[in-house]
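Next comes work.pdb, a file with PDB, C-alpha atoms and all ligand atoms.
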ATOM      1  CA  MET A 610       0.000   0.000   0.000
ATOM      2  CA  GLN A 611       1.266   3.452  -0.832
ATOM      3  CA  ALA A 612       1.328   6.089   1.872
ATOM      4  CA  ARG A 613       0.072   8.750  -0.530
ATOM      5  CA  GLU A 614      -0.951   9.139  -4.130
ATOM      6  CA  ALA A 615       2.058   9.737  -6.365
ATOM      7  CA  LEU A 616       1.917  10.736 -10.027
ATOM      8  CA  PRO A 617       0.760   7.679 -11.977
ATOM      9  CA  LEU A 618       3.485   5.731 -13.737
ATOM     10  CA  LEU A 619       0.988   4.892 -16.448
ATOM     11  CA  GLN A 620      -2.047   7.005 -17.255
ATOM     12  CA  VAL A 621      -4.735   5.829 -19.662
ATOM     13  CA  ASP A 622      -7.203   8.571 -20.659
ATOM     14  CA  GLY A 623     -10.379   8.215 -22.704
ATOM     15  CA  VAL A 624      -8.988   5.345 -24.778
ATOM     16  CA  THR A 625     -11.272   4.151 -27.536
ATOM     17  CA  LEU A 626     -10.588   1.278 -29.913
ATOM     18  CA  ALA A 627     -12.787  -0.036 -32.710
ATOM     19  CA  PHE A 628     -12.470  -3.079 -34.952
ATOM     20  CA  GLY A 629     -14.704  -2.226 -37.904
ATOM     21  CA  GLY A 630     -18.109  -1.854 -36.309
ATOM     22  CA  VAL A 631     -17.073  -3.430 -32.988
ATOM     23  CA  ARG A 632     -16.164  -1.004 -30.221
ATOM     24  CA  ALA A 633     -13.708  -2.952 -28.110
ATOM     25  CA  LEU A 634     -12.887   0.012 -25.833
ATOM     26  CA  SER A 635     -14.894   3.168 -25.109
ATOM     27  CA  GLY A 636     -13.344   6.041 -23.181
ATOM     28  CA  VAL A 637     -11.280   3.845 -20.875
ATOM     29  CA  GLY A 638      -9.391   5.752 -18.195
ATOM     30  CA  PHE A 639      -7.350   4.785 -15.147
ATOM     31  CA  GLY A 640      -3.938   5.318 -13.598
ATOM     32  CA  VAL A 641      -1.311   2.866 -12.402
ATOM     33  CA  GLN A 642       0.536   4.163  -9.356
ATOM     34  CA  PRO A 643       4.256   3.443  -9.092
ATOM     35  CA  GLY A 644       4.925   0.422  -6.919
ATOM     36  CA  SER A 645       1.331  -0.776  -7.107
ATOM     37  CA  ILE A 646      -0.220  -4.011  -8.257
ATOM     38  CA  THR A 647      -3.137  -3.053 -10.466
ATOM     39  CA  ALA A 648      -5.522  -5.615 -11.950
ATOM     40  CA  VAL A 649      -7.923  -5.335 -14.860
ATOM     41  CA  ILE A 650     -10.871  -7.703 -14.608
ATOM     42  CA  GLY A 651     -14.114  -8.196 -16.500
ATOM     43  CA  PRO A 652     -16.261 -10.850 -18.146
ATOM     44  CA  ASN A 653     -15.184 -12.547 -21.375
ATOM     45  CA  GLY A 654     -15.083 -10.112 -24.278
ATOM     46  CA  ALA A 655     -15.011  -7.079 -21.957
ATOM     47  CA  GLY A 656     -11.946  -5.650 -23.710
ATOM     48  CA  LYS A 657      -9.099  -6.623 -21.371
ATOM     49  CA  THR A 658      -6.777  -8.019 -24.052
ATOM     50  CA  SER A 659      -7.598  -5.136 -26.385
ATOM     51  CA  LEU A 660      -6.638  -2.748 -23.589
ATOM     52  CA  PHE A 661      -3.352  -4.559 -22.947
ATOM     53  CA  ASN A 662      -2.530  -4.568 -26.650
ATOM     54  CA  THR A 663      -3.280  -0.858 -26.852
ATOM     55  CA  ILE A 664      -1.092  -0.055 -23.849
ATOM     56  CA  SER A 665       1.819  -2.082 -25.188
ATOM     57  CA  GLY A 666       1.434  -0.536 -28.640
ATOM     58  CA  PHE A 667       0.196  -3.458 -30.750
ATOM     59  CA  TYR A 668      -3.075  -1.614 -31.388
ATOM     60  CA  ARG A 669      -3.362   2.084 -32.158
ATOM     61  CA  PRO A 670      -6.360   3.590 -30.300
ATOM     62  CA  THR A 671      -8.940   5.501 -32.299
ATOM     63  CA  GLY A 672      -9.131   8.056 -29.501
ATOM     64  CA  GLY A 673      -7.650   9.001 -26.153
ATOM     65  CA  SER A 674      -4.098   8.959 -24.862
ATOM     66  CA  ILE A 675      -1.606   6.852 -22.939
ATOM     67  CA  ARG A 676       1.111   8.456 -20.851
ATOM     68  CA  PHE A 677       4.053   6.611 -19.390
ATOM     69  CA  GLU A 678       6.249   8.376 -16.833
ATOM     70  CA  GLY A 679       4.535  11.603 -17.847
ATOM     71  CA  ARG A 680       5.353  11.187 -21.543
ATOM     72  CA  ASP A 681       2.663  10.768 -24.186
ATOM     73  CA  ILE A 682       3.371   7.373 -25.792
ATOM     74  CA  THR A 683       0.094   7.012 -27.710
ATOM     75  CA  ARG A 684       1.968   7.023 -31.021
ATOM     76  CA  VAL A 685       5.180   5.352 -29.902
ATOM     77  CA  PRO A 686       5.711   1.957 -31.628
ATOM     78  CA  ALA A 687       5.538  -1.233 -29.541
ATOM     79  CA  PRO A 688       9.279  -2.157 -29.557
ATOM     80  CA  GLN A 689      10.201   1.324 -28.363
ATOM     81  CA  ARG A 690       7.619   1.138 -25.572
ATOM     82  CA  ALA A 691       9.179  -2.140 -24.498
ATOM     83  CA  ARG A 692      12.600  -0.512 -24.355
ATOM     84  CA  MET A 693      11.161   2.418 -22.406
ATOM     85  CA  GLY A 694      10.140  -0.001 -19.676
ATOM     86  CA  LEU A 695       6.793  -1.559 -20.586
ATOM     87  CA  GLY A 696       7.471  -5.294 -20.323
ATOM     88  CA  ARG A 697       4.742  -7.849 -20.864
ATOM     89  CA  SER A 698       3.712 -11.470 -21.042
ATOM     90  CA  PHE A 699       0.943 -12.901 -23.205
ATOM     91  CA  GLN A 700      -2.293 -14.776 -22.552
ATOM     92  CA  ASN A 701      -1.210 -17.534 -24.929
ATOM     93  CA  ILE A 702       2.428 -18.039 -24.100
ATOM     94  CA  ALA A 703       4.637 -16.398 -26.722
ATOM     95  CA  LEU A 704       7.975 -18.114 -26.115
ATOM     96  CA  PHE A 705      10.218 -19.749 -28.700
ATOM     97  CA  ARG A 706       9.293 -23.306 -27.897
ATOM     98  CA  GLY A 707      12.230 -24.990 -29.615
ATOM     99  CA  MET A 708      14.750 -22.825 -27.769
ATOM    100  CA  THR A 709      16.078 -23.290 -24.254
ATOM    101  CA  VAL A 710      14.885 -21.352 -21.238
ATOM    102  CA  LEU A 711      18.166 -19.431 -21.103
ATOM    103  CA  ASP A 712      18.035 -18.473 -24.796
ATOM    104  CA  ASN A 713      14.489 -17.200 -24.367
ATOM    105  CA  ILE A 714      15.616 -15.023 -21.469
ATOM    106  CA  LYS A 715      18.617 -13.772 -23.477
ATOM    107  CA  LEU A 716      16.250 -12.712 -26.229
ATOM    108  CA  GLY A 717      14.345 -10.517 -23.783
ATOM    109  CA  ARG A 718      17.593  -8.864 -22.787
ATOM    110  CA  HIS A 719      18.635  -8.434 -26.413
ATOM    111  CA  ALA A 720      15.435  -6.550 -27.202
ATOM    112  CA  HIS A 721      16.303  -4.200 -24.365
ATOM    113  CA  LEU A 722      19.824  -3.491 -25.604
ATOM    114  CA  LYS A 723      19.061  -3.091 -29.303
ATOM    115  CA  ALA A 724      18.691   0.678 -29.044
ATOM    116  CA  ASN A 725      22.276   0.976 -27.838
ATOM    117  CA  VAL A 726      23.981  -0.902 -30.637
ATOM    118  CA  PHE A 727      25.570   2.210 -32.150
ATOM    119  CA  ASP A 728      26.675   3.539 -28.784
ATOM    120  CA  ALA A 729      28.228   0.202 -28.036
ATOM    121  CA  LEU A 730      30.148   0.238 -31.330
ATOM    122  CA  PHE A 731      31.897   3.420 -30.239
ATOM    123  CA  TYR A 732      33.254   1.856 -27.112
ATOM    124  CA  LEU A 733      33.596  -1.542 -28.667
ATOM    125  CA  GLY A 734      35.846  -3.699 -26.474
ATOM    126  CA  ARG A 735      35.058  -2.226 -23.089
ATOM    127  CA  ALA A 736      31.370  -1.726 -23.743
ATOM    128  CA  ARG A 737      31.060  -5.227 -25.041
ATOM    129  CA  ARG A 738      32.742  -6.712 -22.004
ATOM    130  CA  GLU A 739      30.682  -4.621 -19.619
ATOM    131  CA  GLU A 740      27.512  -5.453 -21.492
ATOM    132  CA  ALA A 741      28.278  -9.165 -21.407
ATOM    133  CA  GLU A 742      28.905  -8.997 -17.653
ATOM    134  CA  LEU A 743      25.779  -6.999 -16.990
ATOM    135  CA  ARG A 744      23.771  -9.335 -19.166
ATOM    136  CA  ARG A 745      25.036 -12.380 -17.295
ATOM    137  CA  ASP A 746      24.356 -10.726 -13.951
ATOM    138  CA  ILE A 747      20.798  -9.920 -14.861
ATOM    139  CA  GLU A 748      20.151 -13.353 -16.337
ATOM    140  CA  GLU A 749      21.535 -15.074 -13.272
ATOM    141  CA  ARG A 750      19.562 -12.875 -10.916
ATOM    142  CA  ILE A 751      16.358 -13.640 -12.766
ATOM    143  CA  ILE A 752      17.023 -17.377 -12.968
ATOM    144  CA  ASP A 753      17.782 -17.451  -9.276
ATOM    145  CA  PHE A 754      14.796 -15.300  -8.365
ATOM    146  CA  LEU A 755      12.288 -17.365 -10.352
ATOM    147  CA  GLU A 756      13.828 -20.660  -9.226
ATOM    148  CA  ILE A 757      14.388 -21.973 -12.742
ATOM    149  CA  ASP A 758      18.069 -22.872 -12.523
ATOM    150  CA  HIS A 759      17.348 -26.591 -12.922
ATOM    151  CA  ILE A 760      15.638 -26.051 -16.286
ATOM    152  CA  ARG A 761      17.864 -23.358 -17.789
ATOM    153  CA  HIS A 762      19.046 -25.654 -20.605
ATOM    154  CA  ALA A 763      15.706 -27.371 -21.169
ATOM    155  CA  PRO A 764      13.739 -26.622 -24.332
ATOM    156  CA  VAL A 765      10.627 -24.640 -23.477
ATOM    157  CA  SER A 766       8.419 -27.202 -25.258
ATOM    158  CA  ALA A 767       9.403 -29.831 -22.645
ATOM    159  CA  LEU A 768       8.146 -27.748 -19.696
ATOM    160  CA  SER A 769       4.848 -27.812 -17.863
ATOM    161  CA  TYR A 770       2.468 -24.948 -18.541
ATOM    162  CA  GLY A 771       3.167 -23.412 -15.140
ATOM    163  CA  LEU A 772       6.911 -23.374 -15.755
ATOM    164  CA  GLN A 773       6.447 -21.911 -19.230
ATOM    165  CA  LYS A 774       4.484 -19.057 -17.691
ATOM    166  CA  ARG A 775       7.340 -18.517 -15.270
ATOM    167  CA  VAL A 776       9.868 -18.439 -18.115
ATOM    168  CA  GLU A 777       7.720 -15.883 -19.884
ATOM    169  CA  MET A 778       7.860 -13.747 -16.780
ATOM    170  CA  ALA A 779      11.646 -14.220 -16.718
ATOM    171  CA  ARG A 780      11.926 -13.021 -20.292
ATOM    172  CA  ALA A 781       9.799  -9.957 -19.550
ATOM    173  CA  LEU A 782      11.964  -9.219 -16.479
ATOM    174  CA  ALA A 783      15.133  -9.487 -18.581
ATOM    175  CA  MET A 784      14.042  -6.278 -20.264
ATOM    176  CA  GLN A 785      14.279  -4.614 -16.849
ATOM    177  CA  PRO A 786      10.785  -3.152 -17.112
ATOM    178  CA  ARG A 787       9.482  -0.319 -14.949
ATOM    179  CA  ILE A 788       6.055  -1.838 -15.306
ATOM    180  CA  LEU A 789       5.418  -5.527 -15.820
ATOM    181  CA  MET A 790       2.208  -6.322 -17.693
ATOM    182  CA  LEU A 791       0.999  -9.856 -17.062
ATOM    183  CA  ASP A 792      -1.776 -11.243 -19.237
ATOM    184  CA  GLU A 793      -3.589 -13.917 -17.214
ATOM    185  CA  PRO A 794      -0.497 -15.019 -15.281
ATOM    186  CA  VAL A 795      -2.232 -17.949 -13.564
ATOM    187  CA  ALA A 796      -4.700 -19.069 -16.250
ATOM    188  CA  GLY A 797      -4.667 -22.847 -16.566
ATOM    189  CA  MET A 798      -2.490 -23.341 -13.489
ATOM    190  CA  ASN A 799      -3.146 -25.730 -10.624
ATOM    191  CA  ARG A 800      -3.382 -24.428  -7.065
ATOM    192  CA  GLU A 801       0.283 -24.883  -6.231
ATOM    193  CA  GLU A 802       1.455 -23.202  -9.437
ATOM    194  CA  THR A 803      -0.981 -20.357  -8.794
ATOM    195  CA  GLU A 804       0.363 -19.834  -5.283
ATOM    196  CA  ASP A 805       3.938 -19.856  -6.583
ATOM    197  CA  MET A 806       3.103 -17.276  -9.230
ATOM    198  CA  ALA A 807       1.289 -15.074  -6.696
ATOM    199  CA  ARG A 808       4.420 -15.153  -4.520
ATOM    200  CA  PHE A 809       6.632 -14.234  -7.489
ATOM    201  CA  ILE A 810       4.372 -11.300  -8.362
ATOM    202  CA  LEU A 811       4.557  -9.966  -4.802
ATOM    203  CA  ASP A 812       8.322 -10.525  -4.691
ATOM    204  CA  VAL A 813       8.917  -8.887  -8.029
ATOM    205  CA  ARG A 814       7.459  -5.737  -6.614
ATOM    206  CA  ALA A 815       9.196  -6.000  -3.250
ATOM    207  CA  GLU A 816      12.652  -7.046  -4.446
ATOM    208  CA  TRP A 817      12.828  -5.528  -7.915
ATOM    209  CA  GLY A 818      10.703  -2.460  -7.357
ATOM    210  CA  VAL A 819       8.652  -3.298 -10.440
ATOM    211  CA  THR A 820       5.097  -2.018 -10.779
ATOM    212  CA  VAL A 821       2.635  -4.686 -11.903
ATOM    213  CA  LEU A 822      -0.386  -4.379 -14.191
ATOM    214  CA  MET A 823      -2.222  -7.629 -14.779
ATOM    215  CA  VAL A 824      -5.280  -9.019 -16.474
ATOM    216  CA  GLU A 825      -6.567 -11.978 -14.505
ATOM    217  CA  HIS A 826      -9.700 -14.090 -14.141
ATOM    218  CA  ASP A 827      -8.725 -15.669 -10.818
ATOM    219  CA  MET A 828     -10.657 -13.438  -8.443
ATOM    220  CA  GLY A 829      -9.102 -14.833  -5.284
ATOM    221  CA  MET A 830      -5.672 -13.885  -6.537
ATOM    222  CA  VAL A 831      -6.777 -10.494  -7.843
ATOM    223  CA  MET A 832      -8.376  -9.544  -4.540
ATOM    224  CA  ASP A 833      -5.445 -10.831  -2.498
ATOM    225  CA  LEU A 834      -2.694  -9.154  -4.452
ATOM    226  CA  SER A 835      -4.050  -5.949  -5.929
ATOM    227  CA  ASP A 836      -3.943  -2.412  -4.586
ATOM    228  CA  HIS A 837      -6.232  -1.193  -7.338
ATOM    229  CA  VAL A 838      -8.769  -3.066  -9.458
ATOM    230  CA  VAL A 839     -10.245  -1.776 -12.731
ATOM    231  CA  VAL A 840     -13.433  -3.486 -13.917
ATOM    232  CA  LEU A 841     -14.264  -3.481 -17.616
ATOM    233  CA  ASN A 842     -17.553  -4.458 -19.202
ATOM    234  CA  PHE A 843     -18.429  -3.986 -22.862
ATOM    235  CA  GLY A 844     -15.254  -1.950 -23.317
ATOM    236  CA  GLN A 845     -16.023   0.537 -20.533
ATOM    237  CA  VAL A 846     -14.714   0.989 -17.013
ATOM    238  CA  ILE A 847     -17.731   0.255 -14.828
ATOM    239  CA  ALA A 848     -15.900   0.424 -11.495
ATOM    240  CA  GLN A 849     -12.443   0.876 -10.066
ATOM    241  CA  GLY A 850     -10.838   1.160  -6.665
ATOM    242  CA  THR A 851      -9.514  -1.052  -3.916
ATOM    243  CA  PRO A 852     -10.586  -4.712  -3.913
ATOM    244  CA  ALA A 853     -13.065  -3.917  -1.124
ATOM    245  CA  VAL A 854     -14.666  -1.068  -3.097
ATOM    246  CA  VAL A 855     -14.963  -3.162  -6.249
ATOM    247  CA  GLN A 856     -16.406  -6.169  -4.433
ATOM    248  CA  ALA A 857     -19.124  -3.993  -2.927
ATOM    249  CA  ASP A 858     -20.058  -2.386  -6.256
ATOM    250  CA  PRO A 859     -23.529  -3.457  -7.432
ATOM    251  CA  GLU A 860     -22.701  -2.804 -11.085
ATOM    252  CA  VAL A 861     -19.778  -5.208 -10.913
ATOM    253  CA  ASN A 862     -22.069  -7.891  -9.602
ATOM    254  CA  ARG A 863     -24.597  -7.115 -12.319
ATOM    255  CA  ALA A 864     -21.915  -7.307 -15.016
ATOM    256  CA  TYR A 865     -20.898 -10.756 -13.899
ATOM    257  CA  LEU A 866     -24.551 -11.723 -13.461
ATOM    258  CA  GLY A 867     -25.179 -10.760 -17.087
ATOM    259  CA  SER A 868     -22.297 -12.914 -18.234
ATOM    260  CA  GLY A 869     -23.450 -15.909 -16.223
ATOM    261  CA  ASP A 870     -20.197 -15.825 -14.212
ATOM    262  CA  VAL A 871     -21.715 -14.482 -11.016
ATOM    263  CA  GLY A 872     -21.904 -17.716  -9.016
ATOM    264  CA  GLU A 873     -18.231 -18.333  -9.552
ATOM    265  CA  LEU A 874     -17.372 -14.685  -8.904
ATOM    266  CA  ARG A 875     -19.351 -14.554  -5.652
ATOM    267  CA  ARG A 876     -17.763 -17.756  -4.429
ATOM    268  CA  LYS A 877     -14.280 -16.468  -5.171
ATOM    269  CA  LEU A 878     -14.912 -13.006  -3.783
ATOM    270  CA  GLN A 879     -16.284 -14.533  -0.608
ATOM    271  CA  ALA A 880     -13.308 -16.883  -0.304
ATOM    272  CA  ALA A 881     -10.899 -13.996  -0.871
ATOM    273  CA  ALA A 882     -12.719 -11.847   1.696
ATOM    274  CA  ASN A 883     -12.621 -14.660   4.266
ATOM    275  CA  ALA A 884      -8.933 -15.261   3.660
ATOM    276  CA  ASN A 885      -8.193 -11.554   3.984
ATOM    277  CA  ALA A 886     -10.146 -11.361   7.222
ATOM    278  CA  THR A 887      -8.083 -14.220   8.636
ATOM    279  CA  VAL A 888      -4.668 -13.146   7.421
ATOM    280  CA  GLY A 889      -5.106  -9.365   7.619
ATOM    281  CA  ALA A 890      -3.933  -6.886   5.016
ATOM    282  CA  ALA A 891      -0.894  -8.048   2.999
TER
HETATM  283  N1  LIG B   1      -8.694  -8.475 -33.653
HETATM  284  C1  LIG B   1      -9.993  -8.283 -33.454
HETATM  285  N2  LIG B   1     -10.853  -8.066 -34.483
HETATM  286  C2  LIG B   1     -12.164  -7.865 -34.270
HETATM  287  N3  LIG B   1     -12.750  -7.823 -33.056
HETATM  288  C3  LIG B   1     -11.965  -8.023 -32.003
HETATM  289  C4  LIG B   1     -10.557  -8.272 -32.121
HETATM  290  N4  LIG B   1     -10.035  -8.437 -30.874
HETATM  291  C5  LIG B   1     -11.065  -8.308 -30.019
HETATM  292  N5  LIG B   1     -12.217  -8.060 -30.685
HETATM  293  C6  LIG B   1     -13.533  -7.831 -30.070
HETATM  294  O1  LIG B   1     -13.371  -6.828 -29.097
HETATM  295  C7  LIG B   1     -14.116  -7.133 -27.921
HETATM  296  C8  LIG B   1     -13.170  -7.232 -26.720
HETATM  297  O2  LIG B   1     -12.367  -8.408 -26.853
HETATM  298  P1  LIG B   1     -11.121  -8.732 -25.915
HETATM  299  O3  LIG B   1     -10.455  -9.956 -26.470
HETATM  300  O4  LIG B   1     -10.306  -7.525 -25.744
HETATM  301  O5  LIG B   1     -11.867  -9.093 -24.551
HETATM  302  P2  LIG B   1     -11.288  -9.801 -23.235
HETATM  303  O6  LIG B   1     -11.884  -9.079 -22.089
HETATM  304  O7  LIG B   1      -9.812  -9.874 -23.302
HETATM  305  O8  LIG B   1     -11.898 -11.264 -23.331
HETATM  306  P3  LIG B   1     -11.359 -12.673 -22.709
HETATM  307  O9  LIG B   1     -11.533 -12.588 -21.235
HETATM  308  O10 LIG B   1     -12.271 -13.679 -23.322
HETATM  309  O11 LIG B   1      -9.925 -12.823 -23.141
HETATM  310  C9  LIG B   1     -14.872  -8.422 -28.218
HETATM  311  O12 LIG B   1     -16.149  -8.061 -28.684
HETATM  312  C10 LIG B   1     -14.055  -9.064 -29.315
HETATM  313  O13 LIG B   1     -14.856  -9.872 -30.133
END

Show me, as structure tokens, the structure contained in the file I just sent.
Ligand SMILES: Nc1ncnc2c1ncn2[C@@H]1O[C@H](COP(=O)(O)OP(=O)(O)OP(=O)(O)O)[C@@H](O)[C@H]1O
Amino acid sequence: MQAREALPLLQVDGVTLAFGGVRALSGVGFGVQPGSITAVIGPNGAGKTSLFNTISGFYRPTGGSIRFEGRDITRVPAPQRARMGLGRSFQNIALFRGMTVLDNIKLGRHAHLKANVFDALFYLGRARREEAELRRDIEERIIDFLEIDHIRHAPVSALSYGLQKRVEMARALAMQPRILMLDEPVAGMNREETEDMARFILDVRAEWGVTVLMVEHDMGMVMDLSDHVVVLNFGQVIAQGTPAVVQADPEVNRAYLGSGDVGELRRKLQAAANANATVGAA
């Protein structure tokens, strides 16, 4: 929890996105505070992936603006946004499956360094040595942190789904992001894998100082981990605030009722509330 409101690290204002006649996003606005864990939730088709793709620059919004560290990035191309510090994972894992874990992580790092190729040429020998050392340091720190040392030389295709998700997080971290965007980080995971991932998300903030923005369907996890929750429905923000505020919002309940998800949502919200009451605030 932050002691006071700082300037948002990421500010989304009035973002609108249309695919032909389909309005995927309509005037979406929210801020991500530095050091926070912010979650975007909503029923299927609410616009969560479209929003993520717009923030990371894969989609160009038809209206509105996105500011990152105070700078307007609405028209900045996706690779540049990544180098500026917007790292992300994908709903359907986007790793190179035939390559090893380590090579996938190296690729994340490479994307980060690409902008400095010409600078590096100037300093050639020294810069290259320093870069190689730094690169190794970062890779080792990430491998150690995510507890994936034992699989570093394994091809990604041989790993369980949970481990692949962890490697994807490692690759995103290798870019040394200021904000880590996680698209359904625990989708398809069993309970143990989910708990591991929740711990990594909390630790990534605590130990690496990385701000987290995630899309997630697992309500227990969202309510446990998040400082701020943004609820989308039909491409609009229908509620946002702390987990407690969002859980109490009648429109949120109606949105899930309309989608047929309400039984599941209520059960999970109740479980999360009970757990919070027992454990106290995180
Ligand atoms: N590439 C696309 N072309 C056309 N329509 C799209 C495209 N991507 C998304 N949409 C539409 O935009 C709306 C929002 O979809 P989006 O995938 O962003 O929702 P979501 O909240 O991520 O859903 P889910 O939880 O199922 O992943 C939907 O009506 C969807 O059909």

For this file, the PyMOL selection byres (((chain A and resi 673-688) around 10) and not hetatm) selects which residues, as a count of residues only?
-> 44

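From CA of Gln785 (chain A) back to CA of Asn713 (chain A), the distance works out to 14.7 Å.
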
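Going from CA of Glu777 (chain A) over to CA of Arg808 (chain A), you cover 15.7 Å.
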
Show me, as lines of an AutoDock Vina configuration file, the centre and edge lengths in Å to one decimal of the axis-aligned box that covers every listed atom of ligand LIG 1 (chain B) with 6 Å on each side.
center_x = -12.4
center_y = -10.3
center_z = -27.9
size_x = 19.5
size_y = 18.9
size_z = 25.2

Would you kindly return, as JSON, numbers by chain, each protein, DNA or RNA residue with an atom no farther than 9 Å from any atom of Val838 (chain A), considering all atoms listed in the file and excluding same-chain residues fewer than 5 positions away?
-> {"A": [646, 647, 648, 649, 650, 831, 832, 848, 849, 850, 851, 852, 854, 855]}

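Applied to the shown file, the PyMOL selection byres (((not hetatm)) within 7 of (chain B and resi 1)) selects the residues A:Phe628, A:Val631, A:Arg632, A:Ala633, A:Gly651, A:Pro652, A:Asn653, A:Gly654, A:Ala655, A:Gly656, A:Lys657, A:Thr658, A:Ser659, A:Leu660, A:Gly844.
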
Residues matched by the PyMOL selection byres (((chain A and resi 705-708) around 8) and not hetatm) as number ranges by chain | A: 703-704, 709-710, 712-713, 764-766

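Going from CA of Ala781 (chain A) over to CA of Met830 (chain A), you cover 20.6 Å.
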
Spatial neighbours of Glu860 (chain A), max dist 10 Å, all atoms listed in the file, sep filter under 4 positions, as a list in words | Val840, Asn842, Ile847, Ala848, Val855, Gln856, Ala864, Tyr865 and Leu866 of chain A
